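Here's the structure we're looking at; comments come further down.
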Amino acid sequence: MSNPGPDGIPKVDGPRGWGVIKILGRHLWPKNELALRVRVMIALVLLVVAKVTNVYVPLLYKDAVDALGTPAAQAVAVPIALIVAYGAARVLAQAFGEIRDAIFAPVAQRAIRNLALEVFGHLHALSLRFHLERQTGGISRVIERGTQGMDFLIRFTTFNILPTLFEIVLVGGILWSLYDWRFSVVTLVVVGVYIVFSIVFSEWRIKFVRSMNEADTDANAKAIDSLLNFETVKYFGNEPHEARRYDVGRRRYEDAAIRSSRTLSLLNIGQGTIIAVGLVAVMAMAGQGVIAGTMTIGDFVAVNAFLIQLYMPLNMLGFAYREIRNALVNMEKMFGLLDVPAEIADRPGAPPLAVAGAEIVFDHVDFCYEPSRPILHDVSFRVAPGHTVAIVGSSGAGKSTISRILFRFYDVSAGHVRIDGQDIRDVQQSSLRAAIGVVPQDTVLFNDTIYYNIAYGRPGASREEVEEAARLARIHDFIVALPQGYEATVGERGLKLSGGEKQRVAIARTILKNPRILLFDEATSALDTRTEQEIQRSLEEVSRGRTTVIIAHRLSTIINADEIIVLDRGRVAERGRHGELLARNGLYADMWRRQQEAAAAAERRVEEPASFRAEGHLRVGD
């Protein structure tokens, strides 16, 4: 995985320009979607009809003007009929365009939805390593701008650029056939100069747009990160520091936005000058034609109407091209996420995991996060079906790495991890994870209701099953005592609940999942002693009859394990039952003595103030 950029997203070479349009085109002409393809064809037909009708409007205007200048105008009926036809043609041109938009809308929105869903699904398929490196705010901003860019690109490409180009060809042909080839040549030359100028100038400006996006993403990522860590900011009184960090990105955005605005003004002036020169040239030619008698006043008016009708969407074309380039830049980053490879992927044709007894075997496993950072060395152990194995060791010994490997967040560097004889690299990840229930040390809940967070273990479960899981986790009584009961919200990351309450929700969620294998990753190490003992009883009930792996810090929680594995610097240093390991007087016995001494010292600190008060030593606050 490459190093992350300023937005917290690993740098990859995403598709650019035509590559983005090619991806988008695949969704606008979807396979196996006949109904959507029919809509596309109907929309294209209506596009042509709308533009042909629109181009015919100046001809009706010409005939009306000429009719008013002849004796037949006294009859009134002819010019009025032409004027009515002129108005009807304008209405029809607009109506065909609106109907086209309505028919094409489902195609465009389906494409946007499918692309956004594809990116979202791909993000969830990426490895834990990617998500440890990225910043949530940066990712969300990239997807938001990318989907907005898709919407703009589809609307303006389909309903502005293509119709305008088609109209240019029609007008050029009409001017050539009705008047003089010079009218067509001058008009097309002006259009060509306008388009070339717009493209070249816009390409030069694109670097400012990219700078704006990078600064905006960086500032947004810092803001989200700061707000997610609101309490930490308050603990250290670092609000001014966070404001300064946020302002760095906003200042960069401000500078880039000012440069972009100034260059946009230059672009608009240049485009307006080109159009004005073309309009003057063609109208001068038309005026000479009227003087020479080769053209009527109606022709003069029609030429003016043609040019105005043409240059208005052409001016919009310049705006559309600028915005489309901006949209492409926004989409490049989002589509670049699709090019981030999934580090952990199912092998082609991988079967689902077939769980029988749920035996777990680590067979001479080596693992490293980076080549220069080895973590596990030749680790081997077996968890028999229905048994409990605890893994202990000092901080950094590799305990939590084992849980990540078992869940296949990472693949081993050497050796094998098997469940019921099946290498977990050879089976579908979804089936592997469905067989394992995890209660982590740091339980993070969704900012939703308690019911939703418990039901997340099995979203299709009935309310009775959710409440039964809560009872088994010994949290049902607490929930029903709340004013909103199961509909009470838990706050961002579950911060409205205490540590013990969050752990019970996590246990209930795991009970509802009903897995064959349980993994407790230091599930009680952050709790006070009383809460830990209550949670421990719940865990023992949940794990009864299931294959269980416990990653433990407090040794008092695993004295009944069938086997205890002691890790030291990534190697298995000792193994055995609690009593056996104490009798060996090795690493485990040393860890046990230190924890017992720490617990005794903590009890003495609790008791000493009470004795001081009894002897009259503590006066203030009594």
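If you're wondering about the labels, chains in the structure tokens are A, B, ... by order shown, residues count from 1 in each chain, ligands from 1 in order shown.
With only C-alpha atoms taken into account, the protein and nucleic acid residues at most 8 Å from Arg250 of chain A (excluding it and anything under 3 positions from it in its own chain) are Ala215, Asp216, Ala219, Tyr246, Asp247, Tyr253 and Glu254 of chain A.
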DSSP on the backbone, strand (DSSP E or B) only: what residues of segment 296-428 of chain A does that give? Format it as a count of residues only. 36
Residues of segment 164-400 of chain A in helix (DSSP H, G or I), written as a PyMOL selection string: chain A and resi 164-178+181-228+230-235+239-292+297-338+399-400
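Residue nearest Ala35 of chain A within the list A:Asp299, A:Gly396, A:Asp339, A:Ile103: A:Ile103 [criterion: smallest interatomic distance, only C-alpha atoms].
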Got a sec: who's within 7 Å of Lys513 of chain A, counting only C-alpha atoms, leaving out chain neighbours fewer than 4 positions off, as number ranges by chain? A: 457-458, 509
Rank A:Lys51, A:Arg210, A:Arg546, A:His241 by their smallest atom-to-atom distance to Leu165 of chain A, using only C-alpha atoms, and report the top residue only. A:Lys51
Can you pull out every residue within 7 Å of Ala327 of chain A, counting only C-alpha atoms, but drop anything in the same chain fewer than 5 positions away, and send it as a count of residues only? 4
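With atom CA of Phe409 of chain A on one side and atom CA of Phe446 of chain A on the other, the separation reads 20.9 Å.
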What is the distance between atom CA of Arg594 of chain A and atom CA of Thr443 of chain A, in Å to one decimal? 27.5 Å
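Counting from atom CA of Asn447 of chain A, the distance to atom CA of Ser400 of chain A is 25.9 Å.
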Residues at most 12 Å from segment 481-483 of chain A, counting only C-alpha atoms, excluding those fewer than 6 positions away in the same chain, as a CSV table (one decimal) with N, CA and C atoms, in the first residue's frame?
chain,number,residue,atom,x,y,z
A,449,THR,N,-30.0,3.6,17.5
A,449,THR,CA,-30.7,3.1,18.7
A,449,THR,C,-29.9,1.9,19.3
A,450,ILE,N,-30.2,1.6,20.6
A,450,ILE,CA,-29.7,0.4,21.2
A,450,ILE,C,-30.2,-0.8,20.4
A,475,ILE,N,-28.4,-7.1,30.0
A,475,ILE,CA,-28.6,-5.6,29.7
A,475,ILE,C,-30.0,-5.3,29.5
A,489,THR,N,-31.1,6.4,21.7
A,489,THR,CA,-29.9,6.5,20.9
A,489,THR,C,-28.6,6.4,21.8
A,490,VAL,N,-27.5,5.9,21.2
A,490,VAL,CA,-26.3,5.7,22.0
A,490,VAL,C,-25.3,6.8,21.7
A,497,LEU,N,-23.2,5.7,26.5
A,497,LEU,CA,-23.2,4.6,27.4
A,497,LEU,C,-21.9,4.5,28.1
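For the set A:Ile436, A:Ile391, A:Asn54, A:Gly494, the residue with the smallest atom-to-atom gap to Arg575 of chain A is A:Ile391, counting only C-alpha atoms.
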Residues near segment 117-123 of chain A, cut-off 7 Å, only C-alpha atoms, skip fewer than 3 positions along chain, as a VMD selection string: chain A and resid 113 to 114 126 337 to 338
Contacts of Asn213 of chain A at 10 Å (only C-alpha atoms; same-chain gap of 2+ positions) as a ChimeraX atom specification: /A:7,141-142,145,207-211,215-219,252-253,256-257,326,329-330,333
File dump, residues just selected, C-alpha atoms, as a PDB file, in the first residue's frame:
ATOM      1  CA  ASP A   7      -6.364  13.783   2.390  1.00  0.00           C
ATOM      2  CA  ARG A 141     -15.460  14.449   0.842  1.00  0.00           C
ATOM      3  CA  VAL A 142     -14.026  12.642  -2.178  1.00  0.00           C
ATOM      4  CA  ARG A 145     -17.675  15.639  -4.757  1.00  0.00           C
ATOM      5  CA  LYS A 207      -4.381  23.035 -11.804  1.00  0.00           C
ATOM      6  CA  PHE A 208      -6.114  25.655  -9.667  1.00  0.00           C
ATOM      7  CA  VAL A 209      -9.211  23.470  -9.423  1.00  0.00           C
ATOM      8  CA  ARG A 210      -7.106  20.508  -8.294  1.00  0.00           C
ATOM      9  CA  SER A 211      -5.411  22.683  -5.682  1.00  0.00           C
ATOM     10  CA  ALA A 215      -7.123  21.906   0.145  1.00  0.00           C
ATOM     11  CA  ASP A 216     -10.863  21.374   0.681  1.00  0.00           C
ATOM     12  CA  THR A 217     -10.412  17.651   1.286  1.00  0.00           C
ATOM     13  CA  ASP A 218      -7.513  18.240   3.670  1.00  0.00           C
ATOM     14  CA  ALA A 219      -9.445  20.825   5.684  1.00  0.00           C
ATOM     15  CA  ARG A 252      -4.836  27.067   0.879  1.00  0.00           C
ATOM     16  CA  TYR A 253      -8.358  26.743  -0.526  1.00  0.00           C
ATOM     17  CA  ALA A 256      -6.469  28.629  -4.979  1.00  0.00           C
ATOM     18  CA  ALA A 257     -10.087  29.858  -5.226  1.00  0.00           C
ATOM     19  CA  ASN A 326     -13.980  20.349 -12.749  1.00  0.00           C
ATOM     20  CA  VAL A 329     -11.195  16.189 -11.593  1.00  0.00           C
ATOM     21  CA  ASN A 330     -13.656  15.397  -8.778  1.00  0.00           C
ATOM     22  CA  LYS A 333     -10.206  10.914  -7.172  1.00  0.00           C
TER      23      LYS A 333
END
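Across A:Ile224, A:Val542, A:Val303, A:Val566, the tightest approach to Ile174 of chain A is made by A:Val303 when counting only C-alpha atoms.
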